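Worksheet: one structure, shown below.
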Amino acid sequence: MKISVHTNPSSMPESFSQGSAAVVIDILRATSTMAMAFSLGAGSIRLFARRTLLMECHRSQPGSVMLGERDGRTIPGFHFGNSPLELTSEAVSGKQILMTTTNGARAVESVSHAPVVLTAAFVNRHVIAEFLAIRQPEQVYLVCSGWKGGYSAEDAAGAGALIHALEKITDHDVSIENDEALAAMALFNTWQSDLHGLLRRCSHGKRLIRLGTDNDLRWCSKLDCIEIVPLQTSPGCFSPVVIS
Ligand code: MLT
């Protein structure tokens, strides 16, 4: 299995080969929140880069739950922002979630034509690695959502964490394809015993702390506490998969 890391969606190739998979990572907080929503029983999650399209969809499906943020702040009129800790099973269980976020939703949109698309975070990184080890795609693109076209250390560390787990599960039967992947592994190795410390120091972590959401950082820094794979079933739409 070949693995490359892309520090933001604009560095992705335009087309994907048949045997490839894209894994989108937005540790703070979109892909962590997706894992939480599925762990609370959400039926499906549909991602939108543009909030107007999401609101149109909600009008035609009034039972759906609108979740969204811009620059970390809840979008007025939405049921929830992007905090994983705001969600409850009463609110999301069995529901369709319509979700828009500043970077994560755009990252998903930019790779939604890949043959297999997953989303990953620290909280579900081990089960994502297991899923990839079972499926054995020839090429895995780890797509960091970044921040507005730039680099985010927490997403790169998430990519490094996933490679670390994949190397263990496959007994090092992976081929590291670019220097971004090497750097991501080094970043994870440096911070793996204090991921919360990394999230507190990175620029989006500091932004979220200013917005009063340090508890989100603490939760998003937990490794391997959720066993659900968010798998794209049609462009932008994700369903939960459990590996038995
Ligand atoms: C994003 O997509 O940019 C993030 O998930 C922002 C956030 O922390 O809500």
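In the structure tokens, chains take the letters A, B, ... in the order shown, each chain's residues start at 1, and ligands count up from 1 in the order shown.
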Phe78 in chain A environment, 9 Å, only C-alpha atoms, sequence neighbours closer than 4 positions dropped, as a ChimeraX atom specification: /A:65-69,74
Export, as a PDB file, in the first residue's frame, the selected residues with N, CA, C and O atoms.
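Generated output (part-v3.pdb):
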ATOM      1  N   VAL A  65     -30.899  17.467  10.588  1.00  0.00           N
ATOM      2  CA  VAL A  65     -30.268  18.317  11.610  1.00  0.00           C
ATOM      3  C   VAL A  65     -29.175  19.147  10.933  1.00  0.00           C
ATOM      4  O   VAL A  65     -28.300  18.592  10.256  1.00  0.00           O
ATOM      5  N   MET A  66     -29.229  20.469  11.120  1.00  0.00           N
ATOM      6  CA  MET A  66     -28.235  21.354  10.483  1.00  0.00           C
ATOM      7  C   MET A  66     -27.098  21.642  11.463  1.00  0.00           C
ATOM      8  O   MET A  66     -27.328  22.130  12.568  1.00  0.00           O
ATOM      9  N   LEU A  67     -25.898  21.348  11.015  1.00  0.00           N
ATOM     10  CA  LEU A  67     -24.709  21.527  11.865  1.00  0.00           C
ATOM     11  C   LEU A  67     -23.694  22.336  11.062  1.00  0.00           C
ATOM     12  O   LEU A  67     -23.370  21.961   9.936  1.00  0.00           O
ATOM     13  N   GLY A  68     -23.204  23.440  11.619  1.00  0.00           N
ATOM     14  CA  GLY A  68     -22.247  24.191  10.818  1.00  0.00           C
ATOM     15  C   GLY A  68     -21.552  25.306  11.550  1.00  0.00           C
ATOM     16  O   GLY A  68     -22.040  25.837  12.540  1.00  0.00           O
ATOM     17  N   GLU A  69     -20.358  25.616  11.037  1.00  0.00           N
ATOM     18  CA  GLU A  69     -19.585  26.738  11.585  1.00  0.00           C
ATOM     19  C   GLU A  69     -18.883  27.485  10.474  1.00  0.00           C
ATOM     20  O   GLU A  69     -18.686  26.946   9.387  1.00  0.00           O
ATOM     21  N   THR A  74     -20.570  29.004  15.501  1.00  0.00           N
ATOM     22  CA  THR A  74     -21.825  28.399  15.035  1.00  0.00           C
ATOM     23  C   THR A  74     -22.522  29.318  14.036  1.00  0.00           C
ATOM     24  O   THR A  74     -22.584  30.537  14.241  1.00  0.00           O
TER      25      THR A  74
END
Within 12 Å of Ser11 in chain A using only C-alpha atoms, minus same-chain residues under 2 positions, as a list of chain:residue names: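 The residues satisfying every condition are A:Ser4, A:Val5, A:His6, A:Thr7, A:Asn8, A:Pro9, A:Pro13, A:Glu14, A:Ser15, A:Ala107, A:Ser110, A:Val111, A:Tyr141, A:Leu142, A:Val143, A:Cys144, A:Ser145, A:Gly146, A:Gly149, A:Gly150, A:Tyr151, A:Glu180.
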Ligand 1: which residues are within 9 Å, counting only C-alpha atoms and all ligand atoms, as a PyMOL selection string? chain A and resi 26-33+68-74+81-83+100-107+145-148+204-205+207-208+216
To test your reading of the structure, identify every residue in range 80-126 of chain A that backbone DSSP assigns to strand (DSSP E), and report it as a list of chain:residue names. A:Gln96, A:Ile97, A:Leu98, A:Met99, A:Thr100, A:Val116, A:Val117, A:Leu118, A:Thr119, A:Ala120
In Å, how far is it from CA of His196 in chain A to CA of Glu154 in chain A? 9.9 Å
List every residue of range 82-191 of chain A that DSSP, applied to the backbone, labels as helix (DSSP H, G or I), and write the result as an MDAnalysis selection string. chainID A and resid 84:86 89:92 104:111 122:135 153:169 179:191
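Residue nearest Leu198 in chain A within the list A:Met34, A:Leu182, A:Ala156, A:Leu87: A:Ala156 [criterion: smallest interatomic distance, only C-alpha atoms].
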Between A:Leu166, A:Met185, A:Leu199, A:Leu53, which has the minimum distance to Ile134 in chain A (counting only C-alpha atoms)?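 Closest candidate: A:Leu166.
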Given only C-alpha atoms as the counted atoms, nearest of A:Pro137, A:Pro235, A:Gly41, A:Pro115 to Glu90 in chain A: A:Gly41
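The two atoms in question, CA of Glu227 in chain A and CA of Asp214 in chain A, are spaced 23.8 Å apart.
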Of the listed residues A:Leu162, A:Leu132, A:Met99, A:Ile209, that which approaches Ala120 in chain A most closely, counting only C-alpha atoms: A:Leu162
